[in-house]
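A.B. asks: Following this line is upload-v8.tsv, made up of TSV, C-alpha atoms:
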```tsv
chain	number	residue	atom	x	y	z
A	1	MET	CA	-13.78	-18.82	6.33
A	2	SER	CA	-10.69	-20.70	5.20
A	3	VAL	CA	-7.45	-20.67	7.16
A	4	GLU	CA	-5.70	-19.14	4.14
A	5	LEU	CA	-7.59	-15.88	4.66
A	6	TRP	CA	-5.67	-15.32	7.86
A	7	ASN	CA	-2.19	-15.35	6.40
A	8	GLY	CA	-2.19	-11.57	6.71
A	9	TRP	CA	-2.96	-11.73	10.40
A	10	SER	CA	-0.28	-14.33	11.02
A	11	ARG	CA	2.26	-12.00	9.44
A	12	LEU	CA	1.20	-9.20	11.78
A	13	GLY	CA	1.16	-11.16	15.03
A	14	PRO	CA	0.46	-9.67	18.48
A	15	LEU	CA	0.46	-5.88	18.73
A	16	ALA	CA	3.52	-4.36	20.43
A	17	LEU	CA	1.94	-1.52	22.41
A	18	ARG	CA	3.84	1.77	22.67
A	19	GLU	CA	3.56	4.61	25.13
A	20	GLY	CA	2.00	7.86	23.97
A	21	GLN	CA	-0.57	6.28	21.65
A	22	THR	CA	-3.94	4.70	22.37
A	23	THR	CA	-4.40	1.02	21.62
A	24	GLN	CA	-7.03	1.93	19.03
A	25	ALA	CA	-4.65	4.29	17.23
A	26	GLN	CA	-1.93	1.65	17.12
A	27	ILE	CA	-4.32	-1.04	15.86
A	28	TYR	CA	-5.61	1.34	13.20
A	29	ALA	CA	-2.11	2.30	12.05
A	30	THR	CA	-0.98	-1.34	11.98
A	31	LEU	CA	-3.97	-2.54	9.97
A	32	ARG	CA	-3.78	0.44	7.63
A	33	GLU	CA	-0.16	-0.30	6.81
A	34	ALA	CA	-1.01	-3.99	6.35
A	35	LEU	CA	-3.74	-3.13	3.83
A	36	ILE	CA	-1.48	-0.67	2.01
A	37	SER	CA	1.27	-3.30	1.83
A	38	GLY	CA	-1.09	-5.89	0.37
A	39	TYR	CA	-1.20	-8.26	3.33
A	40	PHE	CA	-4.88	-8.88	2.60
A	41	ARG	CA	-6.46	-9.61	-0.73
A	42	PRO	CA	-9.61	-8.09	-2.23
A	43	GLY	CA	-12.72	-9.77	-0.85
A	44	GLU	CA	-11.08	-11.16	2.29
A	45	GLU	CA	-13.40	-11.08	5.29
A	46	ILE	CA	-12.24	-9.45	8.51
A	47	SER	CA	-13.52	-11.02	11.72
A	48	LEU	CA	-13.57	-8.65	14.69
A	49	ARG	CA	-13.02	-11.32	17.32
A	50	ARG	CA	-10.38	-13.15	15.32
A	51	ALA	CA	-8.54	-9.86	14.80
A	52	ALA	CA	-8.62	-9.11	18.52
A	53	MET	CA	-7.35	-12.60	19.33
A	54	VAL	CA	-4.48	-12.47	16.84
A	55	MET	CA	-3.42	-8.95	17.87
A	56	GLY	CA	-3.71	-9.76	21.57
A	57	THR	CA	-6.12	-6.95	22.47
A	58	SER	CA	-9.71	-6.54	23.59
A	59	VAL	CA	-12.51	-6.32	21.05
A	60	THR	CA	-13.41	-2.65	21.67
A	61	PRO	CA	-10.31	-0.90	20.25
A	62	VAL	CA	-10.28	-3.29	17.28
A	63	ARG	CA	-13.93	-2.48	16.56
A	64	GLU	CA	-13.23	1.25	16.56
A	65	ALA	CA	-10.14	0.83	14.38
A	66	LEU	CA	-12.10	-1.23	11.85
A	67	ARG	CA	-14.86	1.39	11.79
A	68	GLN	CA	-12.27	4.04	11.02
A	69	LEU	CA	-10.80	1.91	8.22
A	70	GLU	CA	-14.29	1.44	6.82
A	71	SER	CA	-14.81	5.20	6.91
A	72	ASP	CA	-11.49	5.64	5.07
A	73	GLY	CA	-12.54	3.24	2.33
A	74	GLY	CA	-10.08	0.52	3.29
A	75	LEU	CA	-12.87	-1.88	4.34
A	76	GLU	CA	-16.52	-2.27	3.40
A	77	VAL	CA	-19.67	-3.90	4.75
A	78	PHE	CA	-20.92	-6.61	2.41
A	79	GLY	CA	-23.96	-8.87	2.09
A	80	GLY	CA	-27.04	-9.53	4.16
A	81	ASN	CA	-24.94	-10.61	7.12
A	82	ARG	CA	-23.06	-7.31	6.95
A	83	VAL	CA	-19.68	-8.95	6.79
A	84	LEU	CA	-16.68	-6.62	6.93
A	85	ARG	CA	-14.30	-7.28	4.06
A	86	VAL	CA	-11.55	-5.80	1.92
A	87	PRO	CA	-13.24	-4.01	-1.02
A	88	ILE	CA	-13.14	-5.45	-4.52
A	89	LEU	CA	-12.39	-2.66	-6.97
A	90	ASN	CA	-13.90	-2.54	-10.44
A	91	ALA	CA	-12.24	-1.22	-13.59
A	92	SER	CA	-13.82	2.23	-13.29
A	93	GLU	CA	-12.68	2.66	-9.70
A	94	LEU	CA	-9.18	1.52	-10.61
A	95	LEU	CA	-9.05	4.10	-13.41
A	96	ASP	CA	-10.13	6.85	-10.99
A	97	ILE	CA	-7.51	5.84	-8.45
A	98	ARG	CA	-4.80	5.73	-11.13
A	99	ASP	CA	-5.58	9.26	-12.31
A	100	ILE	CA	-5.80	10.64	-8.77
A	101	ARG	CA	-2.53	8.97	-7.81
A	102	ILE	CA	-0.75	10.36	-10.87
A	103	ASN	CA	-1.78	13.88	-9.88
A	104	LEU	CA	-1.21	13.58	-6.14
A	105	GLU	CA	2.02	11.60	-6.21
A	106	GLY	CA	3.41	13.42	-9.21
A	107	PHE	CA	2.87	16.69	-7.38
A	108	ALA	CA	4.41	15.32	-4.16
A	109	ALA	CA	7.45	14.16	-6.14
A	110	THR	CA	8.09	17.69	-7.47
A	111	LEU	CA	7.99	19.05	-3.92
A	112	ALA	CA	10.08	16.27	-2.41
A	113	ILE	CA	13.37	17.34	-3.99
A	114	SER	CA	13.62	20.52	-1.91
A	115	GLY	CA	12.97	18.60	1.30
A	116	MET	CA	15.32	15.72	0.59
A	117	ARG	CA	18.19	15.10	3.00
A	118	GLY	CA	21.09	12.69	2.82
A	119	SER	CA	19.77	10.53	5.65
A	120	ARG	CA	16.40	10.15	3.97
A	121	LEU	CA	17.98	9.42	0.60
A	122	ARG	CA	19.93	6.56	2.19
A	123	LEU	CA	16.70	5.10	3.57
A	124	ILE	CA	15.05	5.37	0.16
A	125	ASP	CA	18.05	3.67	-1.46
A	126	ASN	CA	17.86	0.90	1.16
A	127	ALA	CA	14.18	0.33	0.32
A	128	CYS	CA	15.11	0.17	-3.37
A	129	GLN	CA	17.82	-2.41	-2.73
A	130	LEU	CA	15.44	-4.52	-0.64
A	131	MET	CA	12.87	-4.39	-3.44
A	132	GLN	CA	15.46	-5.65	-5.90
A	133	ARG	CA	16.41	-8.45	-3.52
A	134	ALA	CA	12.72	-9.34	-3.14
A	135	ALA	CA	12.18	-9.25	-6.91
A	136	ASP	CA	15.13	-11.58	-7.46
A	137	ALA	CA	13.73	-13.99	-4.87
A	138	GLY	CA	10.11	-13.64	-5.99
A	139	ASP	CA	9.21	-12.51	-2.46
A	140	ALA	CA	5.98	-10.51	-2.86
A	141	ASP	CA	5.72	-9.68	0.86
A	142	MET	CA	9.15	-8.06	1.05
A	143	TYR	CA	8.62	-6.31	-2.26
A	144	LEU	CA	5.28	-4.75	-1.37
A	145	GLU	CA	6.38	-3.64	2.09
A	146	ASN	CA	9.42	-1.88	0.71
A	147	ASN	CA	7.53	-0.52	-2.30
A	148	TRP	CA	5.28	1.46	0.06
A	149	ARG	CA	8.29	2.41	2.19
A	150	PHE	CA	10.14	3.66	-0.91
A	151	HIS	CA	7.26	5.81	-2.12
A	152	SER	CA	6.19	7.14	1.28
A	153	LEU	CA	9.74	8.20	2.17
A	154	ILE	CA	9.86	10.24	-1.03
A	155	TYR	CA	6.47	11.88	-0.59
A	156	GLU	CA	6.96	12.66	3.11
A	157	ALA	CA	9.96	14.78	2.13
A	158	ALA	CA	7.48	17.22	0.58
A	159	GLY	CA	6.44	18.23	4.09
A	160	ARG	CA	2.74	18.35	3.16
A	161	PRO	CA	0.80	16.27	5.73
A	162	VAL	CA	-2.62	16.80	4.12
A	163	LEU	CA	-1.25	15.74	0.73
A	164	MET	CA	0.41	12.72	2.35
A	165	SER	CA	-2.86	11.75	4.01
A	166	MET	CA	-4.63	11.82	0.64
A	167	ILE	CA	-1.90	9.71	-0.98
A	168	ARG	CA	-2.10	7.19	1.85
A	169	GLY	CA	-5.87	7.01	1.34
A	170	MET	CA	-5.41	6.02	-2.31
A	171	TRP	CA	-2.84	3.37	-1.41
A	172	LEU	CA	-5.21	2.03	1.25
A	173	ARG	CA	-7.77	1.36	-1.47
A	174	VAL	CA	-5.44	-0.10	-4.08
A	175	GLY	CA	-2.87	-1.88	-1.86
A	176	PRO	CA	-4.74	-5.21	-1.60
A	177	LEU	CA	-5.14	-5.37	-5.39
A	178	ILE	CA	-1.46	-4.71	-6.02
A	179	ARG	CA	-0.62	-8.11	-4.56
A	180	THR	CA	-2.58	-9.77	-7.37
A	181	ALA	CA	-0.53	-7.93	-10.00
A	182	VAL	CA	3.04	-8.52	-8.84
A	183	THR	CA	3.04	-11.92	-10.51
A	184	ALA	CA	2.29	-10.37	-13.91
A	185	PRO	CA	4.99	-11.06	-16.52
A	186	MET	CA	7.83	-8.52	-16.24
A	187	HIS	CA	6.04	-6.59	-13.45
A	188	PHE	CA	9.10	-6.58	-11.19
A	189	ASP	CA	11.39	-5.55	-14.06
A	190	ARG	CA	9.21	-2.63	-15.16
A	191	SER	CA	8.62	-1.49	-11.62
A	192	MET	CA	12.30	-1.61	-10.71
A	193	ASP	CA	13.23	0.31	-13.87
A	194	SER	CA	10.97	3.13	-12.63
A	195	HIS	CA	12.39	2.93	-9.12
A	196	TYR	CA	15.97	3.14	-10.38
A	197	ALA	CA	14.98	6.11	-12.54
A	198	ALA	CA	13.50	7.75	-9.45
A	199	MET	CA	16.71	7.11	-7.50
A	200	GLU	CA	18.80	8.68	-10.26
A	201	ALA	CA	16.51	11.72	-10.31
A	202	LEU	CA	16.79	12.06	-6.53
A	203	ARG	CA	20.57	11.96	-6.67
A	204	LYS	CA	20.58	14.60	-9.43
A	205	THR	CA	17.89	16.66	-7.62
A	206	ASP	CA	15.88	16.59	-10.86
A	207	ALA	CA	12.25	17.20	-9.89
A	208	ALA	CA	10.88	16.74	-13.42
A	209	ALA	CA	12.66	13.41	-13.88
A	210	LEU	CA	11.47	12.21	-10.48
A	211	GLN	CA	7.89	13.13	-11.33
A	212	ALA	CA	8.16	11.30	-14.66
A	213	ALA	CA	9.54	8.15	-13.00
A	214	ILE	CA	6.75	8.14	-10.40
A	215	ILE	CA	4.04	8.64	-13.03
A	216	ARG	CA	5.48	5.85	-15.18
A	217	ASP	CA	5.54	3.52	-12.16
A	218	ILE	CA	1.89	4.27	-11.34
A	219	SER	CA	0.78	3.89	-14.97
A	220	ASP	CA	2.61	0.58	-15.49
A	221	ALA	CA	1.23	-0.81	-12.24
A	222	ALA	CA	-2.29	0.27	-13.23
A	223	ASP	CA	-1.94	-1.63	-16.53
A	224	ASP	CA	-0.99	-4.80	-14.64
A	225	LEU	CA	-3.82	-4.26	-12.13
A	226	SER	CA	-6.30	-3.83	-14.98
A	227	ALA	CA	-5.11	-7.07	-16.58
A	228	SER	CA	-5.42	-8.81	-13.22
A	229	LEU	CA	-9.01	-7.59	-12.86
A	230	GLN	CA	-9.87	-8.86	-16.33
A	231	ASP	CA	-8.40	-12.27	-15.48
A	232	GLN	CA	-10.51	-12.41	-12.32
A	233	VAL	CA	-13.65	-11.61	-14.31
A	234	ARG	CA	-12.89	-14.32	-16.88
A	235	THR	CA	-12.29	-16.97	-14.21
A	236	ALA	CA	-15.22	-15.96	-11.97
```
Starting from the coordinates I provided, produce the structure as structure tokens.

C.D. replies:
Amino acid sequence: MSVELWNGWSRLGPLALREGQTTQAQIYATLREALISGYFRPGEEISLRRAAMVMGTSVTPVREALRQLESDGGLEVFGGNRVLRVPILNASELLDIRDIRINLEGFAATLAISGMRGSRLRLIDNACQLMQRAADAGDADMYLENNWRFHSLIYEAAGRPVLMSMIRGMWLRVGPLIRTAVTAPMHFDRSMDSHYAAMEALRKTDAAALQAAIIRDISDAADDLSASLQDQVRTA
């Protein structure tokens, strides 16, 4: 395995343990957010012992967290050696995820307006500003982290934990692929146009406009992801 594959782990660093949660739960949550935010790329192998070393924990809670992520679809077992890796989506799977996201996240957006508070709106606006700063600097890490933060803050306002869990599951599957698409021509510009439209809808408490902005963002991103997949196939 090349050193480059561990850039995601180096960004995470040692786990900062918190009271009230098991080590396994904290490892799982940390790795889940890292996958959603595109820290790891499709096809990257995940070494149990290397993960434990980097996160500063024993092997057992890491093993259980990785098993849970595999069960969630965020990781898969591959090859005769049963290597654990980040899944590589195909075009059909990407299409399924796009359509599911449009329905789930579009629905969450319509519900979010009634649960929106000024303090949450300020956090969403902050995430939007950080995305713009990242886009201007070409910083994919900052962009992807705040992209998930932006969307999750909106959807959580709906107050539907089961719905939020399903949305998070879709992002877990597609997050690693998103990193390969942010370099597409005009991706940042199109994405930020949708985010600004979502912010305007939030300020006007316009549920229909918010839903439309979210759906456009998902659809545009899916187009870039599809193009990225095609490029990978041509160069394979």

A.B. asks: So, counting all atoms listed in the file, which residue among A:Asn147, A:Ser191, A:Gln211, A:Ser219 is closest to Gly106 (chain A)?

C.D. replies: A:Gln211

A.B. asks: Using only C-alpha atoms for the distances, tell me which of A:Asn81, A:Ser194, A:Thr23, A:Ser37 is nearest to Val59 (chain A).

C.D. replies: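 Among the listed residues, A:Thr23 lies closest to Val59 (chain A).
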
A.B. asks: Take the point (-14.4, 4.0, 1.1) as written in the file and pick out every residue within 10 Å of it, counting all atoms listed in the file; give the list as a PyMOL selection string.

C.D. replies: chain A and resi 69-76+87+169-170+172-173

A.B. asks: Given the point (-17.2, -6.5, -6.9) in the file's coordinates, find the residues that have an atom at most 10 Å from it, counting all atoms listed in the file, and give them as JSON, numbers by chain.

C.D. replies: {"A": [42, 43, 87, 88, 89, 90, 91, 233]}

A.B. asks: How close does each residue of region 28-103 of chain A get to region 159-164 of chain A, giving the shortest atom pair and distance in Å to one decimal for every residue with an atom at most 12 Å away, counting all atoms listed in the file, sorted by chain and residue number, as CSV?

C.D. replies:
```
residue,atom,partner,partner_atom,distance
A:Ile100,CA,A:Leu163,CA,11.7
A:Arg101,CA,A:Leu163,CA,11.0
A:Asn103,CA,A:Leu163,CA,10.8
```

A.B. asks: Can you tell me, as number ranges by chain, what residues are no more than 10 Å from Ala51 (chain A) when counting only C-alpha atoms, ignoring any on the same chain fewer than 6 positions away?

C.D. replies: A: 6, 9, 13-14, 27, 31, 57-59, 62-63, 66

A.B. asks: Considering only C-alpha atoms, return as a list in words whatever protein or nucleic-acid residues lie within 9 Å of Glu33 (chain A), sequence-local ones (same chain, fewer than 6 positions apart) excluded.

C.D. replies: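 Selected residues are Tyr39, Glu145, Trp148 and Leu172 of chain A.
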